[in-house]
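Student: Contents of input.txt (compact mmCIF, N, CA and C atoms):
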```
# COMPACT_ATOMS: atom_id res chain seq x y z
N MET N 1 -35.23 -41.42 4.95
CA MET N 1 -34.05 -40.61 5.26
C MET N 1 -34.24 -39.20 4.71
N ASN N 2 -33.83 -38.23 5.48
CA ASN N 2 -33.96 -36.83 5.09
C ASN N 2 -32.71 -36.39 4.32
N TYR N 3 -32.90 -36.12 3.04
CA TYR N 3 -31.78 -35.76 2.17
C TYR N 3 -31.53 -34.25 2.14
N LEU N 4 -32.43 -33.46 2.72
CA LEU N 4 -32.28 -32.01 2.64
C LEU N 4 -30.97 -31.49 3.25
N PRO N 5 -30.52 -32.00 4.40
CA PRO N 5 -29.23 -31.51 4.92
C PRO N 5 -28.05 -31.81 3.99
N MET N 6 -28.08 -32.96 3.34
CA MET N 6 -26.99 -33.30 2.41
C MET N 6 -27.04 -32.41 1.18
N ILE N 7 -28.25 -32.14 0.70
CA ILE N 7 -28.40 -31.25 -0.46
C ILE N 7 -27.95 -29.84 -0.09
N ARG N 8 -28.36 -29.38 1.10
CA ARG N 8 -27.95 -28.05 1.58
C ARG N 8 -26.43 -27.96 1.66
N ASP N 9 -25.81 -28.96 2.24
CA ASP N 9 -24.35 -28.94 2.40
C ASP N 9 -23.65 -28.96 1.03
N ALA N 10 -24.21 -29.71 0.09
CA ALA N 10 -23.63 -29.74 -1.26
C ALA N 10 -23.77 -28.38 -1.94
N ILE N 11 -24.94 -27.78 -1.80
CA ILE N 11 -25.16 -26.46 -2.41
C ILE N 11 -24.19 -25.44 -1.82
N LEU N 12 -24.07 -25.44 -0.50
CA LEU N 12 -23.19 -24.46 0.14
C LEU N 12 -21.71 -24.80 -0.07
N GLY N 13 -21.39 -26.07 -0.13
CA GLY N 13 -20.01 -26.50 -0.37
C GLY N 13 -19.51 -26.12 -1.75
N VAL N 14 -20.41 -26.09 -2.71
CA VAL N 14 -20.06 -25.68 -4.06
C VAL N 14 -20.30 -24.18 -4.24
N GLY N 15 -21.41 -23.71 -3.68
CA GLY N 15 -21.83 -22.32 -3.89
C GLY N 15 -20.86 -21.27 -3.37
N TRP N 16 -20.39 -21.44 -2.15
CA TRP N 16 -19.50 -20.41 -1.59
C TRP N 16 -18.15 -20.34 -2.30
N PRO N 17 -17.50 -21.45 -2.59
CA PRO N 17 -16.25 -21.34 -3.37
C PRO N 17 -16.47 -20.71 -4.75
N VAL N 18 -17.58 -21.06 -5.41
CA VAL N 18 -17.89 -20.46 -6.71
C VAL N 18 -18.14 -18.96 -6.54
N LEU N 19 -18.85 -18.60 -5.48
CA LEU N 19 -19.12 -17.19 -5.20
C LEU N 19 -17.82 -16.41 -4.99
N ILE N 20 -16.93 -16.95 -4.22
CA ILE N 20 -15.67 -16.26 -3.93
C ILE N 20 -14.79 -16.19 -5.18
N ALA N 21 -14.63 -17.30 -5.87
CA ALA N 21 -13.82 -17.31 -7.09
C ALA N 21 -14.44 -16.40 -8.16
N GLY N 22 -15.75 -16.47 -8.29
CA GLY N 22 -16.44 -15.61 -9.26
C GLY N 22 -16.28 -14.14 -8.93
N SER N 23 -16.30 -13.81 -7.65
CA SER N 23 -16.12 -12.42 -7.22
C SER N 23 -14.74 -11.90 -7.60
N ILE N 24 -13.75 -12.73 -7.36
CA ILE N 24 -12.38 -12.33 -7.68
C ILE N 24 -12.24 -12.12 -9.19
N TYR N 25 -12.79 -13.05 -9.96
CA TYR N 25 -12.72 -12.93 -11.42
C TYR N 25 -13.49 -11.71 -11.92
N LEU N 26 -14.70 -11.52 -11.39
CA LEU N 26 -15.53 -10.37 -11.78
C LEU N 26 -14.82 -9.06 -11.44
N PHE N 27 -14.24 -8.98 -10.26
CA PHE N 27 -13.54 -7.77 -9.85
C PHE N 27 -12.35 -7.51 -10.77
N ALA N 28 -11.59 -8.54 -11.07
CA ALA N 28 -10.41 -8.38 -11.94
C ALA N 28 -10.83 -7.96 -13.35
N LYS N 29 -11.86 -8.60 -13.88
CA LYS N 29 -12.34 -8.28 -15.23
C LYS N 29 -12.88 -6.85 -15.27
N GLY N 30 -13.70 -6.50 -14.30
CA GLY N 30 -14.25 -5.14 -14.23
C GLY N 30 -13.17 -4.10 -14.03
N ASN N 31 -12.18 -4.40 -13.21
CA ASN N 31 -11.08 -3.47 -12.97
C ASN N 31 -10.27 -3.24 -14.24
N GLY N 32 -10.11 -4.30 -15.03
CA GLY N 32 -9.39 -4.17 -16.30
C GLY N 32 -10.10 -3.22 -17.25
N VAL N 33 -11.43 -3.37 -17.35
CA VAL N 33 -12.21 -2.47 -18.21
C VAL N 33 -12.16 -1.05 -17.64
N TYR N 34 -12.33 -0.93 -16.34
CA TYR N 34 -12.34 0.38 -15.70
C TYR N 34 -11.03 1.13 -15.93
N LYS N 35 -9.91 0.45 -15.81
CA LYS N 35 -8.61 1.11 -16.00
C LYS N 35 -8.45 1.67 -17.42
N LEU N 36 -9.09 1.00 -18.39
CA LEU N 36 -8.98 1.47 -19.77
C LEU N 36 -9.79 2.74 -20.02
N VAL N 37 -10.88 2.91 -19.29
CA VAL N 37 -11.80 4.01 -19.59
C VAL N 37 -12.27 4.74 -18.33
N LYS N 38 -11.41 4.88 -17.34
CA LYS N 38 -11.85 5.38 -16.04
C LYS N 38 -12.48 6.77 -16.04
N GLY N 39 -12.13 7.63 -16.93
CA GLY N 39 -12.72 8.97 -16.91
C GLY N 39 -14.03 9.08 -17.66
N SER N 40 -14.44 8.03 -18.35
CA SER N 40 -15.62 8.11 -19.21
C SER N 40 -16.85 7.52 -18.54
N LEU N 41 -17.97 7.67 -19.21
CA LEU N 41 -19.23 7.11 -18.74
C LEU N 41 -19.15 5.58 -18.68
N ILE N 42 -18.48 4.97 -19.63
CA ILE N 42 -18.33 3.50 -19.63
C ILE N 42 -17.59 3.05 -18.37
N GLY N 43 -16.57 3.80 -17.99
CA GLY N 43 -15.83 3.47 -16.78
C GLY N 43 -16.69 3.56 -15.53
N LYS N 44 -17.47 4.63 -15.46
CA LYS N 44 -18.36 4.80 -14.30
C LYS N 44 -19.42 3.70 -14.25
N LEU N 45 -19.99 3.38 -15.41
CA LEU N 45 -20.99 2.31 -15.46
C LEU N 45 -20.38 0.96 -15.08
N THR N 46 -19.17 0.71 -15.54
CA THR N 46 -18.49 -0.54 -15.20
C THR N 46 -18.28 -0.65 -13.71
N LYS N 47 -17.83 0.43 -13.11
CA LYS N 47 -17.58 0.44 -11.67
C LYS N 47 -18.87 0.16 -10.89
N VAL N 48 -19.95 0.83 -11.27
CA VAL N 48 -21.23 0.64 -10.59
C VAL N 48 -21.76 -0.78 -10.83
N LEU N 49 -21.62 -1.28 -12.05
CA LEU N 49 -22.08 -2.63 -12.37
C LEU N 49 -21.37 -3.66 -11.50
N VAL N 50 -20.06 -3.58 -11.42
CA VAL N 50 -19.29 -4.56 -10.65
C VAL N 50 -19.63 -4.46 -9.16
N LEU N 51 -19.68 -3.26 -8.62
CA LEU N 51 -19.99 -3.11 -7.20
C LEU N 51 -21.40 -3.60 -6.89
N THR N 52 -22.35 -3.31 -7.75
CA THR N 52 -23.72 -3.75 -7.54
C THR N 52 -23.82 -5.27 -7.56
N ILE N 53 -23.20 -5.89 -8.53
CA ILE N 53 -23.24 -7.35 -8.63
C ILE N 53 -22.57 -7.98 -7.41
N LEU N 54 -21.45 -7.43 -6.95
CA LEU N 54 -20.77 -7.99 -5.77
C LEU N 54 -21.65 -7.89 -4.53
N VAL N 55 -22.29 -6.74 -4.32
CA VAL N 55 -23.17 -6.57 -3.16
C VAL N 55 -24.35 -7.54 -3.26
N GLU N 56 -24.93 -7.65 -4.44
CA GLU N 56 -26.05 -8.57 -4.63
C GLU N 56 -25.63 -10.02 -4.38
N MET N 57 -24.47 -10.39 -4.89
CA MET N 57 -24.01 -11.77 -4.75
C MET N 57 -23.84 -12.15 -3.28
N TYR N 58 -23.17 -11.31 -2.52
CA TYR N 58 -22.93 -11.65 -1.12
C TYR N 58 -24.18 -11.52 -0.28
N SER N 59 -25.05 -10.57 -0.60
CA SER N 59 -26.33 -10.47 0.11
C SER N 59 -27.15 -11.73 -0.10
N LEU N 60 -27.22 -12.16 -1.35
CA LEU N 60 -27.95 -13.38 -1.67
C LEU N 60 -27.33 -14.58 -0.97
N GLY N 61 -26.02 -14.68 -0.99
CA GLY N 61 -25.35 -15.81 -0.36
C GLY N 61 -25.59 -15.87 1.14
N ILE N 62 -25.48 -14.75 1.81
CA ILE N 62 -25.66 -14.71 3.26
C ILE N 62 -27.09 -15.01 3.65
N VAL N 63 -28.04 -14.36 2.99
CA VAL N 63 -29.45 -14.56 3.32
C VAL N 63 -29.89 -15.99 3.02
N THR N 64 -29.49 -16.52 1.88
CA THR N 64 -29.91 -17.87 1.52
C THR N 64 -29.24 -18.90 2.42
N THR N 65 -27.99 -18.70 2.78
CA THR N 65 -27.32 -19.61 3.71
C THR N 65 -28.04 -19.61 5.05
N ALA N 66 -28.36 -18.43 5.56
CA ALA N 66 -29.08 -18.35 6.84
C ALA N 66 -30.44 -19.02 6.74
N LEU N 67 -31.14 -18.80 5.64
CA LEU N 67 -32.45 -19.42 5.45
C LEU N 67 -32.36 -20.94 5.44
N MET N 68 -31.36 -21.47 4.74
CA MET N 68 -31.23 -22.93 4.66
C MET N 68 -30.82 -23.55 5.99
N PHE N 69 -30.13 -22.80 6.85
CA PHE N 69 -29.78 -23.34 8.16
C PHE N 69 -30.94 -23.18 9.15
N CYS N 70 -31.77 -22.15 8.95
CA CYS N 70 -32.94 -21.98 9.83
C CYS N 70 -34.02 -23.01 9.52
N ASP N 71 -34.21 -23.28 8.25
CA ASP N 71 -35.23 -24.25 7.82
C ASP N 71 -34.71 -24.96 6.58
N GLU N 72 -34.54 -26.25 6.68
CA GLU N 72 -33.97 -27.01 5.56
C GLU N 72 -34.80 -26.89 4.29
N ARG N 73 -36.10 -26.61 4.45
CA ARG N 73 -36.95 -26.44 3.27
C ARG N 73 -36.61 -25.15 2.52
N GLY N 74 -35.76 -24.33 3.08
CA GLY N 74 -35.29 -23.12 2.40
C GLY N 74 -34.56 -23.45 1.12
N ILE N 75 -34.14 -24.67 0.96
CA ILE N 75 -33.48 -25.13 -0.27
C ILE N 75 -34.40 -24.92 -1.46
N TYR N 76 -35.69 -25.17 -1.25
CA TYR N 76 -36.65 -25.04 -2.34
C TYR N 76 -36.78 -23.60 -2.84
N LEU N 77 -36.48 -22.65 -1.99
CA LEU N 77 -36.46 -21.25 -2.40
C LEU N 77 -35.06 -20.83 -2.82
N GLY N 78 -34.06 -21.28 -2.09
CA GLY N 78 -32.69 -20.86 -2.35
C GLY N 78 -32.11 -21.34 -3.66
N LEU N 79 -32.38 -22.57 -4.03
CA LEU N 79 -31.80 -23.14 -5.25
C LEU N 79 -32.25 -22.40 -6.51
N PRO N 80 -33.55 -22.14 -6.70
CA PRO N 80 -33.95 -21.38 -7.90
C PRO N 80 -33.37 -19.96 -7.92
N VAL N 81 -33.26 -19.35 -6.75
CA VAL N 81 -32.70 -18.00 -6.68
C VAL N 81 -31.22 -18.03 -7.08
N PHE N 82 -30.49 -19.03 -6.61
CA PHE N 82 -29.08 -19.16 -6.99
C PHE N 82 -28.94 -19.41 -8.49
N LEU N 83 -29.85 -20.19 -9.06
CA LEU N 83 -29.78 -20.44 -10.50
C LEU N 83 -30.02 -19.16 -11.30
N VAL N 84 -30.99 -18.36 -10.87
CA VAL N 84 -31.25 -17.08 -11.55
C VAL N 84 -30.04 -16.17 -11.38
N TRP N 85 -29.45 -16.13 -10.16
CA TRP N 85 -28.26 -15.32 -9.95
C TRP N 85 -27.14 -15.76 -10.89
N PHE N 86 -26.96 -17.06 -11.05
CA PHE N 86 -25.88 -17.56 -11.89
C PHE N 86 -26.05 -17.10 -13.34
N VAL N 87 -27.28 -17.11 -13.83
CA VAL N 87 -27.55 -16.63 -15.19
C VAL N 87 -27.18 -15.15 -15.30
N VAL N 88 -27.58 -14.36 -14.31
CA VAL N 88 -27.26 -12.92 -14.32
C VAL N 88 -25.75 -12.72 -14.22
N PHE N 89 -25.08 -13.51 -13.43
CA PHE N 89 -23.62 -13.43 -13.30
C PHE N 89 -22.94 -13.69 -14.64
N ILE N 90 -23.38 -14.72 -15.34
CA ILE N 90 -22.82 -15.04 -16.66
C ILE N 90 -23.07 -13.89 -17.63
N LEU N 91 -24.27 -13.33 -17.61
CA LEU N 91 -24.59 -12.19 -18.49
C LEU N 91 -23.70 -10.98 -18.16
N THR N 92 -23.44 -10.76 -16.87
CA THR N 92 -22.57 -9.66 -16.46
C THR N 92 -21.16 -9.86 -17.01
N LEU N 93 -20.65 -11.07 -16.91
CA LEU N 93 -19.32 -11.35 -17.45
C LEU N 93 -19.29 -11.13 -18.97
N LYS N 94 -20.35 -11.51 -19.65
CA LYS N 94 -20.43 -11.30 -21.09
C LYS N 94 -20.43 -9.81 -21.42
N VAL N 95 -21.19 -9.03 -20.69
CA VAL N 95 -21.24 -7.58 -20.93
C VAL N 95 -19.88 -6.96 -20.67
N LEU N 96 -19.20 -7.37 -19.60
CA LEU N 96 -17.86 -6.83 -19.33
C LEU N 96 -16.88 -7.22 -20.44
N GLY N 97 -16.98 -8.44 -20.93
CA GLY N 97 -16.12 -8.86 -22.05
C GLY N 97 -16.40 -8.06 -23.30
N ASP N 98 -17.69 -7.83 -23.59
CA ASP N 98 -18.07 -7.02 -24.76
C ASP N 98 -17.59 -5.58 -24.61
N ALA N 99 -17.69 -5.05 -23.39
CA ALA N 99 -17.23 -3.68 -23.14
C ALA N 99 -15.72 -3.58 -23.36
N GLN N 100 -14.99 -4.58 -22.90
CA GLN N 100 -13.54 -4.55 -23.09
C GLN N 100 -13.17 -4.63 -24.57
N LYS N 101 -13.89 -5.46 -25.32
CA LYS N 101 -13.64 -5.53 -26.77
C LYS N 101 -13.95 -4.20 -27.45
N GLU N 102 -15.03 -3.56 -27.03
CA GLU N 102 -15.42 -2.27 -27.61
C GLU N 102 -14.37 -1.20 -27.31
N VAL N 103 -13.89 -1.19 -26.09
CA VAL N 103 -12.85 -0.23 -25.72
C VAL N 103 -11.58 -0.50 -26.51
N ASP N 104 -11.23 -1.77 -26.67
CA ASP N 104 -10.05 -2.11 -27.46
C ASP N 104 -10.19 -1.61 -28.90
N LYS N 105 -11.39 -1.72 -29.46
CA LYS N 105 -11.62 -1.23 -30.82
C LYS N 105 -11.48 0.28 -30.88
N MET N 106 -12.00 0.96 -29.84
CA MET N 106 -11.95 2.43 -29.82
C MET N 106 -10.53 2.94 -29.65
N THR N 107 -9.74 2.22 -28.86
CA THR N 107 -8.38 2.69 -28.59
C THR N 107 -7.34 2.04 -29.47
N GLY N 108 -7.76 1.15 -30.34
CA GLY N 108 -6.81 0.46 -31.20
C GLY N 108 -6.03 -0.62 -30.46
N GLY N 109 -6.56 -1.09 -29.34
CA GLY N 109 -5.90 -2.16 -28.59
C GLY N 109 -4.78 -1.68 -27.69
N GLN N 110 -4.60 -0.36 -27.56
CA GLN N 110 -3.52 0.17 -26.71
C GLN N 110 -3.99 0.23 -25.27
N LYS N 111 -3.07 -0.09 -24.36
CA LYS N 111 -3.42 -0.03 -22.93
C LYS N 111 -2.61 1.05 -22.25
```
What would you get if you wrote out this structure as structure tokens?

Tutor:
Amino acid sequence: MNYLPMIRDAILGVGWPVLIAGSIYLFAKGNGVYKLVKGSLIGKLTKVLVLTILVEMYSLGIVTTALMFCDERGIYLGLPVFLVWFVVFILTLKVLGDAQKEVDKMTGGQK
């Protein structure tokens, strides 16, 4: 029995909802940091970081989804790429959290 279609469907069934929910969370978190420091270099970097990650996330999702539907063996390439993306996504969230804490320290926690 060929398990690749079931694995593909599981990856996409979990991957796309995580991608969408993660995007919303990333945008909200980045927007919160940006609003605190919008005129500064930190604000500009935050904006670029969030936009870059969002473009990368959806580009990866679309290309990998197409690859897995064109050839089921695309799973062998797509899965490791998604895992690397997930690590980078977690690191991005950590950096945004650290930036927000730093801004709070600089401003005394005032919004």

Student: Report the closest atom pair, with its distance in Å rounded to one decimal, for each residue of stretch 67-102 of chain N that has an atom no farther than 8 Å from stretch 7-13 of chain N; count all atoms listed in the file, sort by chain and then rising residue number, and write it as CSV.

Tutor:
```
residue,atom,partner,partner_atom,distance
N:Met68,CA,N:Arg8,CA,6.8
N:Phe69,N,N:Arg8,CA,7.8
N:Glu72,CA,N:Arg8,CA,7.3
N:Ile75,CA,N:Arg8,CA,6.5
N:Leu79,CA,N:Ile11,CA,7.9
```

Student: Could you check how far atom CA of N:Ala99 sits from atom CA of N:Trp85, in Å to one decimal?

Tutor: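 So the two atoms, atom CA of N:Ala99 and atom CA of N:Trp85, lie 20.8 Å apart.
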
Student: Do you have the atom CA of N:Arg73-atom CA of N:Met1 distance handy?

Tutor: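 So the two atoms, atom CA of N:Arg73 and atom CA of N:Met1, lie 14.6 Å apart.
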
Student: Counting only C-alpha atoms, which of N:Tyr76, N:Phe86, N:Tyr3, N:Trp16 gets nearest to N:Tyr58?

Tutor: N:Trp16

Student: In Å, rounded to a single decimal, give me how far atom C of N:Lys29 is from atom N of N:Val81.

Tutor: 25.4 Å

Student: Which residue, N:Val18, N:Met6, N:Ala66, N:Val103, has the smallest gap to N:Val33 when you use only N, CA and C atoms?

Tutor: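 With only N, CA and C atoms as the atom set, the closest residue is N:Val103.
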
Student: Can you report as lines of an AutoDock Vina configuration file the centre and edge lengths in Å, to one decimal, of an axis-aligned box around the listed atoms of stretch 31-48 of chain N padded with 5 Å on each side?

Tutor:
```
center_x = -15.1
center_y = 2.3
center_z = -15.3
size_x = 23.3
size_y = 23.5
size_z = 19.4
```

Student: Pick out the residues sitting within 12 Å of N:Gly22, and hand them over as a VMD selection string; count only C-alpha atoms, and ignore anything fewer than 2 positions along from it in its own chain.

Tutor: chain N and resid 14 to 20 24 to 30 50 53 to 54 57 to 58 85 to 86 89 to 90 92 to 93

Student: I'd like to know which of N:Val63, N:Ile42, N:Leu36, N:Val95 is closest to N:Gly108, using only C-alpha atoms.

Tutor: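 With only C-alpha atoms as the atom set, the closest residue is N:Leu36.
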
Student: Would you mind telling me which residue in N:Gly39, N:Gly32, N:Phe82, N:Glu56 lies nearest to N:Gln100 when using all atoms listed in the file?

Tutor: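 Closest to N:Gln100 of all the choices is N:Gly32.
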